[in-house]
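Containing mmCIF, C-alpha atoms: work24.cif.
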```cif
data_coords
#
loop_
_atom_site.label_atom_id
_atom_site.label_comp_id
_atom_site.auth_asym_id
_atom_site.auth_seq_id
_atom_site.Cartn_x
_atom_site.Cartn_y
_atom_site.Cartn_z
CA MET A 129 -45.75 56.47 -48.46
CA LEU A 130 -42.98 58.31 -50.28
CA HIS A 131 -40.41 60.56 -48.60
CA ILE A 132 -38.32 62.87 -50.78
CA ILE A 133 -35.10 64.47 -49.54
CA ASN A 134 -33.24 67.13 -51.56
CA LYS A 135 -30.70 68.53 -49.07
CA SER A 136 -27.11 67.46 -48.39
CA PRO A 137 -26.91 65.57 -45.08
CA PHE A 138 -24.00 67.83 -44.12
CA GLU A 139 -25.92 71.03 -44.62
CA LYS A 140 -29.41 70.38 -43.22
CA ASN A 141 -30.96 67.88 -40.82
CA ALA A 142 -33.64 66.83 -43.33
CA PHE A 143 -31.92 63.48 -43.90
CA ASP A 144 -31.80 62.56 -40.19
CA ALA A 145 -35.30 63.92 -39.62
CA CYS A 146 -36.71 61.83 -42.46
CA LEU A 147 -35.06 58.58 -41.38
CA ALA A 148 -36.30 59.11 -37.83
CA VAL A 149 -39.90 59.60 -38.94
CA ALA A 150 -40.20 57.18 -41.88
CA GLN A 151 -42.11 54.01 -40.98
CA ASP A 152 -41.15 50.48 -41.99
CA GLY A 153 -42.00 49.79 -45.61
CA ALA A 154 -41.84 53.46 -46.61
CA VAL A 155 -40.04 54.60 -49.74
CA VAL A 156 -37.24 57.21 -49.52
CA LEU A 157 -36.07 58.99 -52.66
CA LEU A 158 -32.88 61.07 -52.61
CA ILE A 159 -32.72 63.88 -55.17
CA GLU A 160 -30.57 66.99 -55.84
CA ASP A 161 -27.99 67.56 -53.06
CA ALA A 162 -29.38 64.64 -51.03
CA VAL A 163 -27.79 62.18 -53.47
CA TYR A 164 -24.45 62.68 -51.67
CA ALA A 165 -25.92 60.70 -48.74
CA ALA A 166 -25.84 57.54 -50.87
CA THR A 167 -22.17 57.81 -51.89
CA THR A 168 -19.23 55.82 -50.54
CA GLY A 169 -17.37 57.52 -47.72
CA ASN A 170 -20.29 59.73 -46.68
CA PRO A 171 -21.33 59.17 -43.03
CA ALA A 172 -24.99 59.14 -44.11
CA ALA A 173 -24.29 56.09 -46.31
CA SER A 174 -23.90 53.85 -43.27
CA GLN A 175 -27.28 55.07 -41.97
CA LEU A 176 -28.82 54.08 -45.29
CA GLU A 177 -27.16 50.67 -45.10
CA GLN A 178 -28.72 50.17 -41.67
CA ALA A 179 -32.13 51.30 -42.94
CA GLN A 180 -32.19 49.25 -46.16
CA GLY A 181 -34.00 46.34 -44.49
CA ARG A 182 -36.97 48.44 -43.43
CA LEU A 183 -37.09 51.18 -46.09
CA LYS A 184 -37.05 51.11 -49.88
CA LEU A 185 -34.23 53.44 -50.90
CA TYR A 186 -33.86 55.22 -54.24
CA VAL A 187 -31.60 57.89 -55.68
CA LEU A 188 -32.26 60.00 -58.76
CA LYS A 189 -29.52 58.99 -61.19
CA PRO A 190 -29.32 62.22 -63.25
CA ASP A 191 -28.65 64.16 -60.02
CA LEU A 192 -26.00 61.64 -58.99
CA GLU A 193 -24.25 61.85 -62.36
CA ALA A 194 -24.40 65.65 -62.45
CA ARG A 195 -22.38 65.69 -59.24
CA GLY A 196 -19.71 63.29 -60.50
CA MET A 197 -20.91 60.59 -58.14
CA GLY A 198 -22.30 58.09 -60.67
CA ASP A 199 -19.61 55.53 -59.79
CA ARG A 200 -19.85 55.94 -56.02
CA LEU A 201 -23.42 54.81 -55.32
CA ILE A 202 -23.70 52.36 -52.41
CA PRO A 203 -25.48 49.04 -53.19
CA ALA A 204 -28.12 49.66 -50.49
CA VAL A 205 -29.71 52.33 -52.69
CA ALA A 206 -31.26 51.76 -56.13
CA ALA A 207 -30.83 54.28 -58.94
CA THR A 208 -33.93 55.53 -60.72
CA ASP A 209 -34.63 58.04 -63.51
CA TYR A 210 -37.30 60.72 -64.00
CA GLU A 211 -39.84 58.14 -65.19
CA GLY A 212 -39.15 56.09 -62.08
CA PHE A 213 -39.61 59.26 -60.00
CA VAL A 214 -43.07 59.75 -61.53
CA ASP A 215 -43.95 56.09 -60.88
CA LEU A 216 -42.93 56.42 -57.22
CA VAL A 217 -45.15 59.49 -56.81
CA ALA A 218 -48.06 57.79 -58.59
CA ASP A 219 -47.71 54.51 -56.66
CA ASN A 220 -47.72 56.11 -53.21
CA LYS A 221 -50.82 57.52 -51.56
CA VAL A 222 -49.01 60.45 -49.96
CA CYS A 223 -45.67 62.15 -50.35
CA GLN A 224 -43.61 64.18 -47.88
CA SER A 225 -40.86 66.45 -49.20
CA TRP A 226 -38.27 67.16 -46.49
CA LEU A 227 -37.48 70.71 -47.58
CA MET B 27 -3.66 98.39 -64.26
CA GLU B 28 -3.18 101.32 -61.86
CA GLY B 29 -4.67 101.27 -58.41
CA VAL B 30 -4.70 99.39 -55.15
CA VAL B 31 -4.49 95.61 -55.23
CA LYS B 32 -6.52 93.98 -52.47
CA LYS B 33 -6.55 90.42 -51.27
CA PHE B 34 -9.94 88.90 -52.12
CA MET B 35 -11.14 85.52 -50.92
CA PHE B 36 -14.19 83.75 -52.29
CA VAL B 37 -15.44 81.29 -49.69
CA ASN B 38 -17.42 78.44 -51.25
CA ARG B 39 -19.43 76.23 -48.90
CA LYS B 40 -22.26 74.92 -51.10
CA ALA B 41 -22.51 71.86 -53.32
CA PRO B 42 -23.01 72.57 -57.03
CA TYR B 43 -26.41 72.52 -58.83
CA GLY B 44 -28.67 72.14 -55.76
CA THR B 45 -28.45 75.90 -55.26
CA ILE B 46 -27.21 78.75 -57.47
CA TYR B 47 -24.42 79.78 -55.06
CA ALA B 48 -21.60 77.78 -56.66
CA LEU B 49 -22.25 79.09 -60.17
CA GLU B 50 -22.77 82.68 -58.98
CA SER B 51 -19.48 82.56 -57.07
CA LEU B 52 -17.64 81.46 -60.17
CA GLU B 53 -19.22 84.28 -62.19
CA VAL B 54 -18.02 86.88 -59.69
CA VAL B 55 -14.57 85.27 -59.55
CA LEU B 56 -14.27 85.71 -63.33
CA ILE B 57 -15.39 89.34 -63.06
CA SER B 58 -12.82 89.97 -60.34
CA ALA B 59 -10.10 88.66 -62.64
CA ALA B 60 -10.72 91.64 -64.91
CA PHE B 61 -9.71 94.01 -62.09
CA ASP B 62 -6.24 92.53 -61.49
CA GLN B 63 -6.86 91.77 -57.84
CA ASP B 64 -5.15 89.17 -55.65
CA VAL B 65 -7.83 86.48 -55.73
CA SER B 66 -8.03 83.31 -53.64
CA LEU B 67 -10.74 80.66 -53.78
CA ALA B 68 -11.49 78.64 -50.68
CA PHE B 69 -13.58 75.46 -50.66
CA LEU B 70 -15.00 74.45 -47.31
CA ASP B 71 -17.67 71.96 -46.20
CA ASP B 72 -19.98 70.96 -49.11
CA GLY B 73 -18.10 73.45 -51.31
CA VAL B 74 -15.47 70.77 -51.97
CA TYR B 75 -18.10 68.92 -54.01
CA GLN B 76 -17.87 71.71 -56.63
CA LEU B 77 -14.45 70.38 -57.62
CA LYS B 78 -15.42 66.71 -57.92
CA LYS B 79 -14.23 65.07 -61.14
CA GLY B 80 -16.61 63.40 -63.57
CA GLN B 81 -19.61 65.73 -63.40
CA GLN B 82 -22.11 64.78 -66.15
CA THR B 83 -24.96 67.28 -66.18
CA LYS B 84 -26.75 66.29 -69.38
CA GLY B 85 -29.41 64.43 -67.41
CA ILE B 86 -30.40 67.50 -65.41
CA GLU B 87 -30.13 69.85 -68.41
CA THR B 88 -27.84 72.24 -66.54
CA LYS B 89 -24.47 73.65 -67.58
CA ASN B 90 -21.54 71.71 -66.15
CA PHE B 91 -19.33 74.53 -64.87
CA SER B 92 -16.64 72.34 -63.29
CA PRO B 93 -14.29 72.62 -66.34
CA THR B 94 -14.16 76.39 -65.70
CA PHE B 95 -12.06 75.76 -62.59
CA ARG B 96 -9.35 74.38 -64.87
CA ALA B 97 -9.43 77.57 -66.96
CA LEU B 98 -8.90 79.93 -64.01
CA ASP B 99 -5.10 79.91 -64.28
CA GLY B 100 -5.58 81.56 -67.68
CA TYR B 101 -7.02 84.50 -65.74
CA ASP B 102 -4.10 84.47 -63.28
CA ILE B 103 -6.29 82.93 -60.60
CA GLU B 104 -4.10 80.18 -59.24
CA LYS B 105 -4.77 80.20 -55.50
CA LEU B 106 -7.27 77.45 -54.80
CA TYR B 107 -7.49 76.18 -51.24
CA VAL B 108 -9.43 73.15 -50.07
CA GLU B 109 -10.23 72.20 -46.50
CA ARG B 110 -8.68 68.84 -45.62
CA GLU B 111 -11.32 67.91 -43.05
CA ALA B 112 -14.12 68.59 -45.55
CA LEU B 113 -12.55 66.24 -48.11
CA GLU B 114 -12.00 63.49 -45.57
CA ALA B 115 -15.53 63.71 -44.15
CA ARG B 116 -16.90 63.15 -47.67
CA GLY B 117 -14.64 60.23 -48.58
CA LEU B 118 -12.80 62.37 -51.13
CA SER B 119 -9.10 62.90 -51.82
CA GLU B 120 -7.10 65.39 -53.91
CA ASP B 121 -7.15 62.84 -56.76
CA ASP B 122 -10.94 63.23 -56.98
CA LEU B 123 -10.66 66.94 -57.87
CA VAL B 124 -10.72 68.50 -61.36
CA VAL B 125 -7.86 70.89 -60.66
CA ASP B 126 -4.64 71.17 -58.63
CA VAL B 127 -5.32 72.73 -55.24
CA THR B 128 -3.58 73.47 -51.98
CA VAL B 129 -5.06 71.40 -49.18
CA LEU B 130 -5.20 73.19 -45.83
CA SER B 131 -6.38 72.28 -42.37
CA ARG B 132 -9.28 74.26 -40.89
CA GLN B 133 -6.84 76.15 -38.72
CA GLU B 134 -4.65 77.08 -41.68
CA MET B 135 -7.77 78.09 -43.61
CA GLY B 136 -8.84 80.30 -40.74
CA LYS B 137 -5.49 82.05 -40.62
CA LEU B 138 -5.54 82.63 -44.37
CA MET B 139 -9.08 84.05 -44.18
CA ASP B 140 -7.96 86.35 -41.39
CA ASP B 141 -5.26 87.75 -43.65
CA MET B 142 -7.67 88.90 -46.38
CA ASP B 143 -8.80 92.45 -47.21
CA VAL B 144 -12.14 91.30 -48.60
CA VAL B 145 -14.06 88.07 -48.04
CA LEU B 146 -17.01 87.17 -50.27
CA SER B 147 -19.25 84.40 -48.97
CA PHE B 148 -21.09 81.84 -51.09
#
```
Can you give me the file's structure in the form of structure tokens?
Amino acid sequence: MLHIINKSPFEKNAFDACLAVAQDGAVVLLIEDAVYAATTGNPAASQLEQAQGRLKLYVLKPDLEARGMGDRLIPAVAATDYEGFVDLVADNKVCQSWL
Amino acid sequence: MEGVVKKFMFVNRKAPYGTIYALESLEVVLISAAFDQDVSLAFLDDGVYQLKKGQQTKGIETKNFSPTFRALDGYDIEKLYVEREALEARGLSEDDLVVDVTVLSRQEMGKLMDDMDVVLSF
């Protein structure tokens, strides 16, 4: 299944809550303010590095670039675009948005 | 302008674009400049992300307002304060910011806030 997070890991617990619930093999997509989690120096980045073996991790590139973080993406997370976003939604049976 | 000059502080704690707070704060800051007040901007927590260099918003079809911070000195708004701990927690340094700022510890920020006549929270 697909999990979507759109909140900064500093501001809300959606990031931690999602990683705690997501099962092995699940897909996690970071959008809007959640993209900061996948940037170098952010404490959440090390959690993503630990989770990369069991989860498929994506970040929405336009949201990353808007925030001036295009050059700080950690290798554990793959960048995708709006078309890739649509594919992820279409390819997964269910989707949970961690609002 | 005649009248009482008060010390205003705009406290910014939200990242840009994910919510409207950052842009709305900047709009009110620009309005306040027209009233010749003593204006300070404070950036705490995720608010420091507002000042990150290299914002490219074409992909999200939203206005990139970060260059406006560089224009504030033209409105005699020159007091920009950034919380040191917030920068460090996000792997950022002063060099990552679009504009020259004064970096303060949380304690120093608290004292400065205490000294204000008006605090506006975003």
Requested in this report: Go through B:Thr83, B:Gln63, B:Thr45, B:Thr128 and flag the residue nearest A:Asp191, using all atoms listed in the file for the distances.
Outcome: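 Among B:Thr83, B:Gln63, B:Thr45, B:Thr128, it is B:Thr83 that comes nearest to A:Asp191.
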**Report entry** Residues in the PyMOL selection byres ((chain A) within 6 of (chain B)), expressed as a ChimeraX atom specification
**Finding:** /A:160-161,169-170,190,193-196
Would you mind exporting C-alpha atoms of the selected residues as a tab-separated table (two decimals), in the frame of the given file?
```tsv
chain	number	residue	atom	x	y	z
A	160	GLU	CA	-30.57	66.99	-55.84
A	161	ASP	CA	-27.99	67.56	-53.06
A	169	GLY	CA	-17.37	57.52	-47.72
A	170	ASN	CA	-20.29	59.73	-46.68
A	190	PRO	CA	-29.32	62.22	-63.25
A	193	GLU	CA	-24.25	61.85	-62.36
A	194	ALA	CA	-24.40	65.65	-62.45
A	195	ARG	CA	-22.38	65.69	-59.24
A	196	GLY	CA	-19.71	63.29	-60.50
```
Report task. Using the chain letters and numbers from the file, give me the residues hit by the PyMOL selection byres ((chain B and resi 54) around 12), as a ChimeraX atom specification. Result -> /B:34-38,47-53,55-61,65,67,146-148
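Minimum distance to A:Asp209 across A:Ile159, A:Leu185, A:Leu227, A:Met197 (counting only C-alpha atoms) occurs at A:Ile159.
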Query raised in the report: Which residue gives the smallest distance to B:Leu130 among B:Arg96, B:Lys32, B:Lys105, B:Arg110, with all atoms listed in the file counted?
Result: B:Arg110
Query raised in the report: Expanded to explicit residues, what is the PyMOL selection byres ((chain B and resi 95) around 10) for this file, as number ranges by chain?
Result: B: 52, 76-77, 91-94, 96-99, 103-104, 106, 124-126
The selected residues should be written to file as a PDB file, in the frame of the given file (atoms: C-alpha atoms).
```pdb
ATOM      1  CA  LEU B  52     -17.640  81.460 -60.170  1.00  0.00           C
ATOM      2  CA  GLN B  76     -17.870  71.710 -56.630  1.00  0.00           C
ATOM      3  CA  LEU B  77     -14.450  70.380 -57.620  1.00  0.00           C
ATOM      4  CA  PHE B  91     -19.330  74.530 -64.870  1.00  0.00           C
ATOM      5  CA  SER B  92     -16.640  72.340 -63.290  1.00  0.00           C
ATOM      6  CA  PRO B  93     -14.290  72.620 -66.340  1.00  0.00           C
ATOM      7  CA  THR B  94     -14.160  76.390 -65.700  1.00  0.00           C
ATOM      8  CA  ARG B  96      -9.350  74.380 -64.870  1.00  0.00           C
ATOM      9  CA  ALA B  97      -9.430  77.570 -66.960  1.00  0.00           C
ATOM     10  CA  LEU B  98      -8.900  79.930 -64.010  1.00  0.00           C
ATOM     11  CA  ASP B  99      -5.100  79.910 -64.280  1.00  0.00           C
ATOM     12  CA  ILE B 103      -6.290  82.930 -60.600  1.00  0.00           C
ATOM     13  CA  GLU B 104      -4.100  80.180 -59.240  1.00  0.00           C
ATOM     14  CA  LEU B 106      -7.270  77.450 -54.800  1.00  0.00           C
ATOM     15  CA  VAL B 124     -10.720  68.500 -61.360  1.00  0.00           C
ATOM     16  CA  VAL B 125      -7.860  70.890 -60.660  1.00  0.00           C
ATOM     17  CA  ASP B 126      -4.640  71.170 -58.630  1.00  0.00           C
TER      18      ASP B 126
END
```
Query - Shell of 9 Å around A:His131, all atoms listed in the file, local chain residues under 5 positions omitted, as number ranges by chain - result: A: 146, 150, 154-158, 222-226
Using the selection just defined, write its residues with C-alpha atoms as a PDB file, in the coordinates of the input.
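Output below, filename selection.pdb:
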```
ATOM      1  CA  CYS A 146     -36.710  61.830 -42.460  1.00  0.00           C
ATOM      2  CA  ALA A 150     -40.200  57.180 -41.880  1.00  0.00           C
ATOM      3  CA  ALA A 154     -41.840  53.460 -46.610  1.00  0.00           C
ATOM      4  CA  VAL A 155     -40.040  54.600 -49.740  1.00  0.00           C
ATOM      5  CA  VAL A 156     -37.240  57.210 -49.520  1.00  0.00           C
ATOM      6  CA  LEU A 157     -36.070  58.990 -52.660  1.00  0.00           C
ATOM      7  CA  LEU A 158     -32.880  61.070 -52.610  1.00  0.00           C
ATOM      8  CA  VAL A 222     -49.010  60.450 -49.960  1.00  0.00           C
ATOM      9  CA  CYS A 223     -45.670  62.150 -50.350  1.00  0.00           C
ATOM     10  CA  GLN A 224     -43.610  64.180 -47.880  1.00  0.00           C
ATOM     11  CA  SER A 225     -40.860  66.450 -49.200  1.00  0.00           C
ATOM     12  CA  TRP A 226     -38.270  67.160 -46.490  1.00  0.00           C
TER      13      TRP A 226
END
```
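Note that the spacing between atom CA of A:Gly181 and atom CA of A:Val205 amounts to 11.0 Å.
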**Report entry** Two-atom distance - atom CA of A:Phe143, atom CA of A:Gly212 (Å)
**Finding:**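 Calculated distance between atom CA of A:Phe143 and atom CA of A:Gly212 is 20.9 Å.
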Output stretch 59-85 of chain B as a JSON list (two decimals), in the coordinates of the input, making sure N, CA and C atoms are there.
```
[["chain", "number", "residue", "atom", "x", "y", "z"],
["B", 59, "ALA", "N", -11.35, 88.85, -61.91],
["B", 59, "ALA", "CA", -10.10, 88.66, -62.64],
["B", 59, "ALA", "C", -9.81, 89.86, -63.55],
["B", 60, "ALA", "N", -10.87, 90.50, -64.01],
["B", 60, "ALA", "CA", -10.72, 91.64, -64.91],
["B", 60, "ALA", "C", -10.16, 92.87, -64.19],
["B", 61, "PHE", "N", -10.17, 92.85, -62.85],
["B", 61, "PHE", "CA", -9.71, 94.01, -62.09],
["B", 61, "PHE", "C", -8.33, 93.82, -61.49],
["B", 62, "ASP", "N", -7.63, 92.78, -61.92],
["B", 62, "ASP", "CA", -6.24, 92.53, -61.49],
["B", 62, "ASP", "C", -6.08, 92.56, -59.97],
["B", 63, "GLN", "N", -6.97, 91.88, -59.29],
["B", 63, "GLN", "CA", -6.86, 91.77, -57.84],
["B", 63, "GLN", "C", -6.16, 90.47, -57.45],
["B", 64, "ASP", "N", -5.77, 90.39, -56.18],
["B", 64, "ASP", "CA", -5.15, 89.17, -55.65],
["B", 64, "ASP", "C", -6.27, 88.25, -55.14],
["B", 65, "VAL", "N", -6.63, 87.27, -55.99],
["B", 65, "VAL", "CA", -7.83, 86.48, -55.73],
["B", 65, "VAL", "C", -7.48, 85.07, -55.24],
["B", 66, "SER", "N", -8.12, 84.69, -54.14],
["B", 66, "SER", "CA", -8.03, 83.31, -53.64],
["B", 66, "SER", "C", -9.42, 82.69, -53.62],
["B", 67, "LEU", "N", -9.48, 81.40, -53.92],
["B", 67, "LEU", "CA", -10.74, 80.66, -53.78],
["B", 67, "LEU", "C", -10.57, 79.63, -52.67],
["B", 68, "ALA", "N", -11.52, 79.62, -51.76],
["B", 68, "ALA", "CA", -11.49, 78.64, -50.68],
["B", 68, "ALA", "C", -12.71, 77.74, -50.79],
["B", 69, "PHE", "N", -12.49, 76.45, -50.59],
["B", 69, "PHE", "CA", -13.58, 75.46, -50.66],
["B", 69, "PHE", "C", -13.67, 74.75, -49.31],
["B", 70, "LEU", "N", -14.77, 75.02, -48.63],
["B", 70, "LEU", "CA", -15.00, 74.45, -47.31],
["B", 70, "LEU", "C", -16.30, 73.62, -47.34],
["B", 71, "ASP", "N", -16.42, 72.71, -46.38],
["B", 71, "ASP", "CA", -17.67, 71.96, -46.20],
["B", 71, "ASP", "C", -18.17, 71.39, -47.55],
["B", 72, "ASP", "N", -19.46, 71.53, -47.86],
["B", 72, "ASP", "CA", -19.98, 70.96, -49.11],
["B", 72, "ASP", "C", -19.40, 71.64, -50.35],
["B", 73, "GLY", "N", -18.73, 72.76, -50.18],
["B", 73, "GLY", "CA", -18.10, 73.45, -51.31],
["B", 73, "GLY", "C", -17.08, 72.59, -52.03],
["B", 74, "VAL", "N", -16.47, 71.64, -51.32],
["B", 74, "VAL", "CA", -15.47, 70.77, -51.97],
["B", 74, "VAL", "C", -16.10, 69.93, -53.09],
["B", 75, "TYR", "N", -17.41, 69.68, -52.97],
["B", 75, "TYR", "CA", -18.10, 68.92, -54.01],
["B", 75, "TYR", "C", -18.08, 69.64, -55.36],
["B", 76, "GLN", "N", -17.92, 70.96, -55.36],
["B", 76, "GLN", "CA", -17.87, 71.71, -56.63],
["B", 76, "GLN", "C", -16.73, 71.23, -57.52],
["B", 77, "LEU", "N", -15.67, 70.74, -56.89],
["B", 77, "LEU", "CA", -14.45, 70.38, -57.62],
["B", 77, "LEU", "C", -14.38, 68.90, -57.98],
["B", 78, "LYS", "N", -15.44, 68.15, -57.66],
["B", 78, "LYS", "CA", -15.42, 66.71, -57.92],
["B", 78, "LYS", "C", -15.30, 66.42, -59.41],
["B", 79, "LYS", "N", -14.38, 65.51, -59.75],
["B", 79, "LYS", "CA", -14.23, 65.07, -61.14],
["B", 79, "LYS", "C", -15.46, 64.33, -61.63],
["B", 80, "GLY", "N", -15.63, 64.29, -62.95],
["B", 80, "GLY", "CA", -16.61, 63.40, -63.57],
["B", 80, "GLY", "C", -18.04, 63.90, -63.57],
["B", 81, "GLN", "N", -18.25, 65.20, -63.40],
["B", 81, "GLN", "CA", -19.61, 65.73, -63.40],
["B", 81, "GLN", "C", -20.22, 65.62, -64.80],
["B", 82, "GLN", "N", -21.41, 65.00, -64.87],
["B", 82, "GLN", "CA", -22.11, 64.78, -66.15],
["B", 82, "GLN", "C", -23.51, 65.36, -66.00],
["B", 83, "THR", "N", -23.72, 66.58, -66.50],
["B", 83, "THR", "CA", -24.96, 67.28, -66.18],
["B", 83, "THR", "C", -26.03, 67.19, -67.27],
["B", 84, "LYS", "N", -25.78, 66.40, -68.29],
["B", 84, "LYS", "CA", -26.75, 66.29, -69.38],
["B", 84, "LYS", "C", -28.13, 65.89, -68.86],
["B", 85, "GLY", "N", -28.15, 64.95, -67.94],
["B", 85, "GLY", "CA", -29.41, 64.43, -67.41],
["B", 85, "GLY", "C", -30.25, 65.46, -66.68]]
```
